[in-house]
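Engineer: One file is attached below, query24.csv, containing CSV, N, CA and C atoms.
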chain,number,residue,atom,x,y,z
T,7,MET,N,0.9,-1.2,0.0
T,7,MET,CA,0.0,0.0,0.0
T,7,MET,C,0.9,1.2,0.0
T,8,THR,N,0.7,2.1,-1.0
T,8,THR,CA,1.5,3.3,-1.1
T,8,THR,C,1.1,4.3,-0.1
T,9,LEU,N,1.9,5.3,0.1
T,9,LEU,CA,1.6,6.4,1.1
T,9,LEU,C,0.3,7.1,0.6
T,10,GLU,N,0.1,7.3,-0.7
T,10,GLU,CA,-1.1,7.9,-1.2
T,10,GLU,C,-2.3,7.1,-0.9
T,11,ASP,N,-2.2,5.7,-1.0
T,11,ASP,CA,-3.3,4.8,-0.7
T,11,ASP,C,-3.6,4.9,0.8
T,12,LYS,N,-2.6,5.0,1.6
T,12,LYS,CA,-2.8,5.1,3.1
T,12,LYS,C,-3.5,6.3,3.4
T,13,MET,N,-3.1,7.4,2.8
T,13,MET,CA,-3.7,8.7,3.1
T,13,MET,C,-5.2,8.7,2.7
T,14,GLU,N,-5.5,8.1,1.5
T,14,GLU,CA,-6.9,8.1,1.0
T,14,GLU,C,-7.7,7.2,2.0
T,15,ARG,N,-7.2,6.1,2.4
T,15,ARG,CA,-7.9,5.2,3.3
T,15,ARG,C,-8.2,5.9,4.7
T,16,LEU,N,-7.2,6.7,5.2
T,16,LEU,CA,-7.4,7.5,6.4
T,16,LEU,C,-8.5,8.5,6.2
T,17,LYS,N,-8.5,9.1,5.1
T,17,LYS,CA,-9.6,10.1,4.8
T,17,LYS,C,-11.0,9.4,4.8
T,18,GLN,N,-11.0,8.2,4.2
T,18,GLN,CA,-12.3,7.4,4.2
T,18,GLN,C,-12.7,7.1,5.6
T,19,ILE,N,-11.8,6.7,6.5
T,19,ILE,CA,-12.1,6.4,7.8
T,19,ILE,C,-12.6,7.6,8.6
T,20,LYS,N,-12.1,8.7,8.3
T,20,LYS,CA,-12.6,9.9,9.0
T,20,LYS,C,-14.0,10.2,8.6
T,21,ILE,N,-14.3,10.0,7.3
T,21,ILE,CA,-15.7,10.2,6.9
T,21,ILE,C,-16.6,9.1,7.5
T,22,GLU,N,-16.1,7.9,7.5
T,22,GLU,CA,-16.9,6.8,8.1
T,22,GLU,C,-17.2,7.1,9.6
T,23,ASN,N,-16.3,7.7,10.3
T,23,ASN,CA,-16.5,8.1,11.7
T,23,ASN,C,-17.7,9.1,11.8
T,24,ILE,N,-17.7,10.0,10.9
T,24,ILE,CA,-18.8,11.0,10.8
T,24,ILE,C,-20.1,10.3,10.6
T,25,VAL,N,-20.1,9.3,9.6
T,25,VAL,CA,-21.3,8.5,9.3
T,25,VAL,C,-21.8,7.8,10.6
T,26,TRP,N,-20.9,7.2,11.4
T,26,TRP,CA,-21.3,6.5,12.6
T,26,TRP,C,-22.0,7.5,13.6
T,27,LEU,N,-21.5,8.7,13.6
T,27,LEU,CA,-22.1,9.7,14.5
T,27,LEU,C,-23.5,10.0,14.0
T,28,ILE,N,-23.6,10.1,12.7
T,28,ILE,CA,-25.0,10.4,12.1
T,28,ILE,C,-25.9,9.2,12.4
T,29,TYR,N,-25.4,8.0,12.3
T,29,TYR,CA,-26.3,6.8,12.7
T,29,TYR,C,-26.7,6.9,14.2
T,30,ILE,N,-25.9,7.4,15.0
T,30,ILE,CA,-26.3,7.5,16.5
T,30,ILE,C,-27.4,8.5,16.6
T,31,ILE,N,-27.3,9.6,15.8
T,31,ILE,CA,-28.4,10.6,15.8
T,31,ILE,C,-29.6,10.0,15.2
T,32,LEU,N,-29.5,9.2,14.1
T,32,LEU,CA,-30.6,8.6,13.5
T,32,LEU,C,-31.4,7.6,14.5
T,33,ILE,N,-30.6,7.0,15.3
T,33,ILE,CA,-31.2,6.1,16.3
T,33,ILE,C,-32.1,6.9,17.2
T,34,ALA,N,-31.6,8.0,17.7
T,34,ALA,CA,-32.4,8.9,18.5
T,34,ALA,C,-33.7,9.4,17.8
T,35,ILE,N,-33.5,9.7,16.5
T,35,ILE,CA,-34.7,10.2,15.8
T,35,ILE,C,-35.7,9.0,15.6
T,36,CYS,N,-35.2,7.8,15.4
T,36,CYS,CA,-36.1,6.6,15.3
T,36,CYS,C,-36.8,6.4,16.5
T,37,LEU,N,-36.2,6.5,17.7
T,37,LEU,CA,-36.9,6.4,19.0
T,37,LEU,C,-38.0,7.4,19.1
T,38,TYR,N,-37.7,8.6,18.7
T,38,TYR,CA,-38.7,9.7,18.7
T,38,TYR,C,-39.9,9.3,17.8
T,39,GLY,N,-39.5,8.8,16.6
T,39,GLY,CA,-40.6,8.4,15.7
T,39,GLY,C,-41.4,7.3,16.2
T,40,ASN,N,-40.8,6.3,17.0
T,40,ASN,CA,-41.6,5.3,17.6
T,40,ASN,C,-42.6,5.8,18.6
T,41,LYS,N,-42.1,6.9,19.3
T,41,LYS,CA,-43.0,7.5,20.3
T,41,LYS,C,-44.2,8.1,19.6
T,42,LEU,N,-43.9,8.8,18.5
T,42,LEU,CA,-45.0,9.4,17.8
T,42,LEU,C,-46.0,8.4,17.2
T,43,GLU,N,-45.4,7.3,16.7
T,43,GLU,CA,-46.3,6.2,16.2
T,43,GLU,C,-47.1,5.6,17.3
T,44,LYS,N,-46.6,5.4,18.4
T,44,LYS,CA,-47.3,4.9,19.5
T,44,LYS,C,-48.5,5.8,19.9
T,45,GLN,N,-48.2,7.1,19.9
T,45,GLN,CA,-49.3,8.1,20.3
T,45,GLN,C,-50.4,8.0,19.2
T,46,PHE,N,-50.0,7.9,18.0
T,46,PHE,CA,-51.0,7.8,16.9
T,46,PHE,C,-51.8,6.6,17.0
T,47,ILE,N,-51.2,5.4,17.3
T,47,ILE,CA,-51.9,4.2,17.4
T,47,ILE,C,-52.9,4.2,18.6
T,48,LEU,N,-52.4,4.7,19.7
T,48,LEU,CA,-53.2,4.7,21.0
T,48,LEU,C,-54.3,5.7,20.9
T,49,PHE,N,-54.1,6.9,20.4
T,49,PHE,CA,-55.0,8.0,20.5
T,49,PHE,C,-55.6,8.5,19.2
T,50,GLN,N,-55.2,7.9,18.1
T,50,GLN,CA,-55.6,8.3,16.7
T,50,GLN,C,-55.4,9.8,16.5
T,51,ASP,N,-54.2,10.2,17.0
T,51,ASP,CA,-53.8,11.6,17.0
T,51,ASP,C,-53.2,12.0,15.7
T,52,ASN,N,-53.9,12.8,14.9
T,52,ASN,CA,-53.5,13.1,13.5
T,52,ASN,C,-52.2,14.0,13.6
T,53,TYR,N,-52.0,14.8,14.6
T,53,TYR,CA,-50.8,15.6,14.7
T,53,TYR,C,-49.6,14.6,14.8
T,54,SER,N,-49.7,13.6,15.7
T,54,SER,CA,-48.7,12.6,15.9
T,54,SER,C,-48.4,11.8,14.6
T,55,LYS,N,-49.5,11.5,13.9
T,55,LYS,CA,-49.4,10.8,12.6
T,55,LYS,C,-48.6,11.6,11.6
T,56,ASN,N,-48.9,12.8,11.4
T,56,ASN,CA,-48.3,13.7,10.4
T,56,ASN,C,-46.8,13.9,10.8
T,57,LYS,N,-46.6,14.1,12.1
T,57,LYS,CA,-45.2,14.3,12.6
T,57,LYS,C,-44.4,13.0,12.4
T,58,TYR,N,-45.0,11.9,12.7
T,58,TYR,CA,-44.4,10.6,12.5
T,58,TYR,C,-44.0,10.4,11.1
T,59,ARG,N,-44.9,10.7,10.2
T,59,ARG,CA,-44.6,10.6,8.7
T,59,ARG,C,-43.4,11.5,8.3
T,60,LYS,N,-43.4,12.7,8.8
T,60,LYS,CA,-42.3,13.6,8.5
T,60,LYS,C,-41.0,13.1,9.0
T,61,VAL,N,-41.0,12.5,10.2
T,61,VAL,CA,-39.8,11.9,10.8
T,61,VAL,C,-39.3,10.8,10.0
T,62,ASN,N,-40.2,9.9,9.5
T,62,ASN,CA,-39.8,8.8,8.7
T,62,ASN,C,-39.2,9.3,7.4
T,63,ILE,N,-39.7,10.3,6.8
T,63,ILE,CA,-39.2,10.9,5.6
T,63,ILE,C,-37.7,11.4,5.9
T,64,LEU,N,-37.6,12.1,7.0
T,64,LEU,CA,-36.2,12.6,7.4
T,64,LEU,C,-35.3,11.4,7.5
T,65,ILE,N,-35.7,10.4,8.3
T,65,ILE,CA,-34.8,9.2,8.5
T,65,ILE,C,-34.4,8.6,7.2
T,66,PHE,N,-35.3,8.3,6.3
T,66,PHE,CA,-35.0,7.6,5.1
T,66,PHE,C,-34.2,8.5,4.1
T,67,THR,N,-34.4,9.8,4.2
T,67,THR,CA,-33.7,10.7,3.4
T,67,THR,C,-32.2,10.7,3.8
T,68,ILE,N,-32.0,10.8,5.1
T,68,ILE,CA,-30.6,10.8,5.6
T,68,ILE,C,-29.9,9.4,5.3
T,69,ALA,N,-30.7,8.3,5.6
T,69,ALA,CA,-30.1,7.0,5.3
T,69,ALA,C,-29.8,6.8,3.8
T,70,THR,N,-30.6,7.3,3.0
T,70,THR,CA,-30.4,7.2,1.5
T,70,THR,C,-29.2,8.0,1.1
T,71,ILE,N,-29.0,9.1,1.7
T,71,ILE,CA,-27.8,9.9,1.4
T,71,ILE,C,-26.5,9.1,1.8
T,72,ILE,N,-26.6,8.5,3.0
T,72,ILE,CA,-25.5,7.7,3.5
T,72,ILE,C,-25.2,6.5,2.5
T,73,TYR,N,-26.3,5.9,2.1
T,73,TYR,CA,-26.2,4.7,1.2
T,73,TYR,C,-25.6,5.2,-0.1
T,74,LEU,N,-26.0,6.4,-0.6
T,74,LEU,CA,-25.4,6.9,-1.8
T,74,LEU,C,-23.9,7.2,-1.7
T,75,TYR,N,-23.5,7.7,-0.5
T,75,TYR,CA,-22.1,7.9,-0.3
T,75,TYR,C,-21.3,6.6,-0.4
T,76,PHE,N,-21.8,5.5,0.2
T,76,PHE,CA,-21.1,4.3,0.2
T,76,PHE,C,-21.1,3.6,-1.2
T,77,PHE,N,-22.2,3.8,-1.9
T,77,PHE,CA,-22.3,3.4,-3.3
T,77,PHE,C,-21.2,4.0,-4.1
T,78,ILE,N,-21.1,5.4,-4.0
T,78,ILE,CA,-20.1,6.1,-4.8
T,78,ILE,C,-18.7,5.7,-4.4
T,79,ASP,N,-18.5,5.5,-3.1
T,79,ASP,CA,-17.2,5.1,-2.6
T,79,ASP,C,-16.8,3.7,-3.2
T,80,ASN,N,-17.7,2.8,-3.2
T,80,ASN,CA,-17.5,1.5,-3.7
T,80,ASN,C,-17.3,1.5,-5.3
T,81,TYR,N,-18.0,2.4,-5.9
T,81,TYR,CA,-17.9,2.5,-7.4
T,81,TYR,C,-16.5,3.0,-7.7
T,82,LYS,N,-16.0,4.0,-6.9
T,82,LYS,CA,-14.6,4.5,-7.1
T,82,LYS,C,-13.6,3.4,-6.9
T,83,GLY,N,-13.9,2.6,-5.9
T,83,GLY,CA,-13.0,1.5,-5.6
T,83,GLY,C,-12.9,0.5,-6.7
T,84,VAL,N,-14.0,0.2,-7.4
T,84,VAL,CA,-13.9,-0.6,-8.6
T,84,VAL,C,-13.2,0.1,-9.7
T,85,GLN,N,-13.5,1.4,-9.9
T,85,GLN,CA,-12.8,2.1,-11.0
T,85,GLN,C,-11.3,2.2,-10.8
T,86,ASN,N,-10.9,2.2,-9.5
T,86,ASN,CA,-9.5,2.4,-9.2
T,86,ASN,C,-8.7,1.0,-9.1
T,87,LEU,N,-9.4,-0.1,-9.4
T,87,LEU,CA,-8.7,-1.3,-9.4
T,87,LEU,C,-7.6,-1.3,-10.5
T,88,LYS,N,-6.5,-1.9,-10.1
T,88,LYS,CA,-5.3,-2.0,-11.0
T,88,LYS,C,-5.3,-3.4,-11.7
T,89,ILE,N,-4.7,-3.4,-12.9
T,89,ILE,CA,-4.6,-4.7,-13.6
T,89,ILE,C,-3.8,-5.7,-12.8
T,90,THR,N,-2.9,-5.1,-11.9
T,90,THR,CA,-2.0,-6.0,-11.1
T,90,THR,C,-2.7,-6.5,-9.8
T,91,ASP,N,-3.9,-6.0,-9.5
T,91,ASP,CA,-4.6,-6.4,-8.3
T,91,ASP,C,-5.1,-7.9,-8.5
T,92,SER,N,-5.1,-8.6,-7.4
T,92,SER,CA,-5.5,-10.0,-7.4
T,92,SER,C,-6.9,-10.2,-7.9
T,93,LYS,N,-7.2,-11.3,-8.4
T,93,LYS,CA,-8.6,-11.6,-8.9
T,93,LYS,C,-9.5,-11.6,-7.7
T,94,LEU,N,-9.1,-12.0,-6.5
T,94,LEU,CA,-9.9,-12.0,-5.3
T,94,LEU,C,-10.3,-10.5,-5.0
T,95,LYS,N,-9.3,-9.7,-5.0
T,95,LYS,CA,-9.6,-8.3,-4.7
T,95,LYS,C,-10.5,-7.7,-5.6
T,96,LYS,N,-10.4,-8.0,-6.9
T,96,LYS,CA,-11.3,-7.4,-7.9
T,96,LYS,C,-12.7,-8.0,-7.7
T,97,ASP,N,-12.8,-9.3,-7.5
T,97,ASP,CA,-14.1,-9.9,-7.3
T,97,ASP,C,-14.8,-9.3,-6.0
T,98,LEU,N,-14.1,-9.2,-4.9
T,98,LEU,CA,-14.7,-8.7,-3.7
T,98,LEU,C,-15.1,-7.2,-3.8
T,99,ASN,N,-14.3,-6.4,-4.5
T,99,ASN,CA,-14.7,-5.0,-4.7
T,99,ASN,C,-16.0,-5.0,-5.6
T,100,LYS,N,-16.1,-5.8,-6.6
T,100,LYS,CA,-17.3,-5.8,-7.4
T,100,LYS,C,-18.5,-6.3,-6.6
T,101,LEU,N,-18.3,-7.3,-5.7
T,101,LEU,CA,-19.4,-7.7,-4.8
T,101,LEU,C,-19.8,-6.6,-3.8
T,102,SER,N,-18.8,-5.9,-3.3
T,102,SER,CA,-19.1,-4.8,-2.4
T,102,SER,C,-19.9,-3.7,-3.1
T,103,LEU,N,-19.6,-3.5,-4.4
T,103,LEU,CA,-20.4,-2.5,-5.2
T,103,LEU,C,-21.8,-3.0,-5.4
T,104,LEU,N,-21.9,-4.3,-5.7
T,104,LEU,CA,-23.3,-4.9,-5.8
T,104,LEU,C,-24.1,-4.7,-4.6
T,105,GLY,N,-23.4,-5.1,-3.4
T,105,GLY,CA,-24.1,-5.0,-2.1
T,105,GLY,C,-24.5,-3.5,-1.8
T,106,SER,N,-23.6,-2.6,-2.1
T,106,SER,CA,-24.0,-1.2,-1.8
T,106,SER,C,-25.1,-0.7,-2.8
T,107,SER,N,-25.1,-1.2,-4.0
T,107,SER,CA,-26.1,-0.9,-5.0
T,107,SER,C,-27.5,-1.4,-4.4
T,108,LEU,N,-27.5,-2.6,-3.9
T,108,LEU,CA,-28.8,-3.1,-3.4
T,108,LEU,C,-29.3,-2.4,-2.2
T,109,ILE,N,-28.4,-2.0,-1.3
T,109,ILE,CA,-28.8,-1.2,-0.2
T,109,ILE,C,-29.3,0.1,-0.6
T,110,LEU,N,-28.6,0.8,-1.5
T,110,LEU,CA,-29.1,2.1,-2.0
T,110,LEU,C,-30.5,1.9,-2.6
T,111,ILE,N,-30.7,0.9,-3.4
T,111,ILE,CA,-32.0,0.6,-4.0
T,111,ILE,C,-33.1,0.5,-2.9
T,112,SER,N,-32.8,-0.3,-1.9
T,112,SER,CA,-33.7,-0.5,-0.8
T,112,SER,C,-34.0,0.8,-0.1
T,113,GLY,N,-33.0,1.6,0.1
T,113,GLY,CA,-33.2,2.9,0.7
T,113,GLY,C,-34.1,3.8,-0.1
T,114,LEU,N,-33.9,3.8,-1.4
T,114,LEU,CA,-34.8,4.6,-2.3
T,114,LEU,C,-36.2,4.1,-2.2
T,115,ILE,N,-36.4,2.8,-2.2
T,115,ILE,CA,-37.7,2.2,-2.1
T,115,ILE,C,-38.4,2.6,-0.8
T,116,PHE,N,-37.7,2.5,0.3
T,116,PHE,CA,-38.2,2.9,1.6
T,116,PHE,C,-38.6,4.4,1.7
T,117,LEU,N,-37.7,5.2,1.1
T,117,LEU,CA,-38.0,6.6,1.0
T,117,LEU,C,-39.2,6.9,0.2
T,118,TYR,N,-39.4,6.2,-0.9
T,118,TYR,CA,-40.6,6.4,-1.7
T,118,TYR,C,-41.8,6.0,-0.9
T,119,ILE,N,-41.8,4.9,-0.2
T,119,ILE,CA,-42.9,4.5,0.6
T,119,ILE,C,-43.2,5.5,1.7
T,120,ALA,N,-42.2,6.0,2.3
T,120,ALA,CA,-42.4,7.0,3.4
T,120,ALA,C,-43.0,8.3,2.8
T,121,ILE,N,-42.7,8.7,1.6
T,121,ILE,CA,-43.2,9.9,1.0
T,121,ILE,C,-44.6,9.7,0.6
T,122,THR,N,-44.9,8.6,-0.1
T,122,THR,CA,-46.2,8.4,-0.7
T,122,THR,C,-47.3,7.8,0.2
T,123,ASP,N,-46.9,7.2,1.3
T,123,ASP,CA,-47.9,6.6,2.3
T,123,ASP,C,-48.4,7.7,3.2
T,124,THR,N,-49.3,8.5,2.7
T,124,THR,CA,-49.8,9.6,3.5
T,124,THR,C,-50.7,9.1,4.6
T,125,ASN,N,-51.2,7.9,4.6
T,125,ASN,CA,-52.1,7.4,5.6
T,125,ASN,C,-51.3,6.5,6.6
T,126,VAL,N,-50.0,6.4,6.5
T,126,VAL,CA,-49.2,5.6,7.3
T,126,VAL,C,-49.7,4.2,7.5
T,127,GLU,N,-49.9,3.6,6.4
T,127,GLU,CA,-50.5,2.2,6.4
T,127,GLU,C,-49.5,1.1,6.3
T,128,VAL,N,-48.3,1.4,5.9
T,128,VAL,CA,-47.2,0.4,5.7
T,128,VAL,C,-46.1,0.6,6.7
T,129,GLU,N,-45.8,-0.5,7.4
T,129,GLU,CA,-44.7,-0.4,8.4
T,129,GLU,C,-43.4,-0.6,7.6
T,130,ILE,N,-42.5,0.4,7.7
T,130,ILE,CA,-41.2,0.2,7.0
T,130,ILE,C,-40.1,0.1,8.1
T,131,ALA,N,-39.2,-0.7,7.8
T,131,ALA,CA,-38.1,-1.0,8.8
T,131,ALA,C,-36.8,-0.3,8.4
T,132,PHE,N,-36.2,0.3,9.3
T,132,PHE,CA,-34.9,0.9,9.1
T,132,PHE,C,-33.9,0.0,9.7
T,133,ASN,N,-33.0,-0.6,8.9
T,133,ASN,CA,-32.0,-1.6,9.4
T,133,ASN,C,-30.7,-1.1,9.0
Show this structure as structure tokens.
Structural biologist:
Amino acid sequence: MTLEDKMERLKQIKIENIVWLIYIILIAICLYGNKLEKQFILFQDNYSKNKYRKVNILIFTIATIIYLYFFIDNYKGVQNLKITDSKLKKDLNKLSLLGSSLILISGLIFLYIAITDTNVEVEIAFN
């Protein structure tokens, strides 16, 4: 690994640390969303329903942006593969890109559901 490769990887780790902090914030927002959902279920409170819906849209928007970042990062990783890299490294990088593509697609689907489900009839899971 060249010095340039090491510096690039350290930069990626710094960004990943920020992403982990964002996930911690997302967990708190999810807990708040669960509280709003519970109020809506117990009391048929439309204010809580609308707020819960907005919170879900926020959660899935942020998550999708994170998924997009990792997709782009994996795409760059595949683009930067060298002819001298091992077959295993090439295959694993391509699989990582496939995985991040599928996660991005799922995030976009969940975001679409959160936006279009105005009656909050579908339970969507954030994993």
Engineer: As a PyMOL selection string, list the residues of chain T assigned to alpha helix (DSSP H) by DSSP on the backbone atoms of this structure.
Structural biologist: chain T and resi 9-49+52-85+93-122
Engineer: Find the smallest box with edges along x, y and z containing every listed atom of region 100-109 of chain T, then add 6 Å on each side and report centre and edge lengths in Å to one decimal, as lines of an AutoDock Vina configuration file.
Structural biologist:
center_x = -22.7
center_y = -3.8
center_z = -3.8
size_x = 25.2
size_y = 19.8
size_z = 19.2
Engineer: Using atom C of Ile47 (chain T) and CA of Ile115 (chain T) as the two end points, give the distance in Å to one decimal.
Structural biologist: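 Atom C of Ile47 (chain T) sits 25.8 Å away from CA of Ile115 (chain T).
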Engineer: Which polymer residues have any atom within 8 Å of an atom of region 68-74 of chain T, counting only C-alpha atoms, with same-chain residues fewer than 5 positions away left out, as JSON, numbers by chain?
Structural biologist: {"T": [25, 106, 109, 110, 113, 114, 117]}
Engineer: From the list T:Asn62, T:Asn80, T:Thr8, T:Asn52, which residue is nearest Ile121 (chain T) when using all atoms listed in the file?
Structural biologist: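 So, comparing all the options, the nearest one is T:Asn62.
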Engineer: Between T:Asn56, T:Asn23, T:Ser112, T:Ser107, which has the minimum distance to Thr124 (chain T) (counting only N, CA and C atoms)?
Structural biologist: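 The answer is T:Asn56, which sits nearest to Thr124 (chain T).
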